[in-house]
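**Student:** Have a look at the structure that comes next, please.
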Amino acid sequence: MTVAFFSGKGRRIGVALGAVSAGLLVLSACDKPTPLATVTVGGNSVSSEASCYNDGKALKKSEYQSCLNKKAEKSVEVAMDDKVRFGVDPEIADNGWTLFINGQQAEQEPYKKTYRSIPGSAFFSSQTGETADKTQISIVETRGKELTGVWHFELKKSS
């Protein structure tokens with residue numbers, strides 16, 4: 001003998017509520033990912049989503065410095081004679097992007113291509129002539145004078 005715990009109508013309501021709950025759970029977990037920036041040295045590549053990003057809109061001026069001061073979560077080793085290759089998603093290139101070294105803007109004009117290559121030695125010398133063991137590089141997406149995204153990487157000098 002089989003005992004029904006729920007009537008047909010009760011089961012349909014339960015299934016419908018379960019489906020709605022599962023759908024809301026899936027949708028709440030789906031944040032639109034930020035565009036990616038990638039640093040490649042030799043055969044090693046690291047990619048990162050933005051540390052600060054407002055869905056392509058300008059960041060608030062009050063956020064600029066705290067965004068630029070965030071520590072990099074991704075790192076790659078670089079020898080002085082290596083080429084460091086930077087790559088960005090096309091939507092970053094369309095707006096323009098520039099490099100910041102240790103929080104300081106390194107270029108005056110934004111770059112508008114998706115890829116560029118710079119010698120590793122450019123990242124480890126200081127103004128005092130000493131060489132550093134690591135350098136934080138920030139790729140900063142710009143739109144005019146406004147910052148719209150910041151990606152951080154740490155370059156570690158290899159021997």
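Ligands are numbered from 1 in the order shown, residues from 1 within each chain, and chains are lettered A, B, ... in the order they appear in the structure tokens.
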Neighbours of A:Ala50 within 10 Å (only C-alpha atoms; same-chain residues fewer than 4 positions away dropped), as a VMD selection string?
**Tutor:** chain A and resid 33 to 37 54 67 138 to 141 148 to 152
**Student:** For the strand (DSSP E or B) assignment from backbone DSSP, which residues of stretch 20-127 of chain A qualify? Please present them as an MDAnalysis selection string.
**Tutor:** chainID A and resid 37:41 44:48 52:54 57 75:78 83:88 97:101 104:105 111 115:119 125
**Student:** What is the atom CA of A:Leu155 to atom CA of A:Gly43 distance in Å?
**Tutor:** 14.7 Å
**Student:** Measuring between only C-alpha atoms, which one of A:Pro119, A:Thr114, A:Ser159, A:Leu147 shows the shortest distance to A:Cys52?
**Tutor:** A:Leu147
**Student:** Quick one: of A:Met80, A:Ala93, A:Ala106, A:Val88, who's nearest to A:Lys134, counting only C-alpha atoms?
**Tutor:**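 Counting only C-alpha atoms, the residue closest to A:Lys134 is A:Met80.
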**Student:** Rank A:Gln105, A:Glu91, A:Thr142, A:Ser121 by their smallest atom-to-atom distance to A:Val78, using only C-alpha atoms, and report the top residue only.
**Tutor:**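 Result for the nearest residue to A:Val78: A:Ser121.
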**Student:** A:Lys61, A:Gln136, A:Lys112, A:Asp82: which is nearest A:Asn95, counting only C-alpha atoms?
**Tutor:**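 Answer, going by the shortest atom-to-atom distance: A:Lys112.
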**Student:** If you measure from atom CA of A:Ser48 to atom CA of A:Lys70, what distance in Å do you get, rounded to one decimal?
**Tutor:**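 Rounded to one decimal, the two atoms are 13.6 Å apart.
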**Student:** If we count only C-alpha atoms and set the cut-off at 8 Å, which residues sit around A:Ser117, ignoring sequence neighbours fewer than 5 positions away in its own chain? Please answer as a list in words.
**Tutor:**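 After dropping sequence-adjacent residues, the list is Lys83, Val84, Arg85 and Phe86 of chain A.
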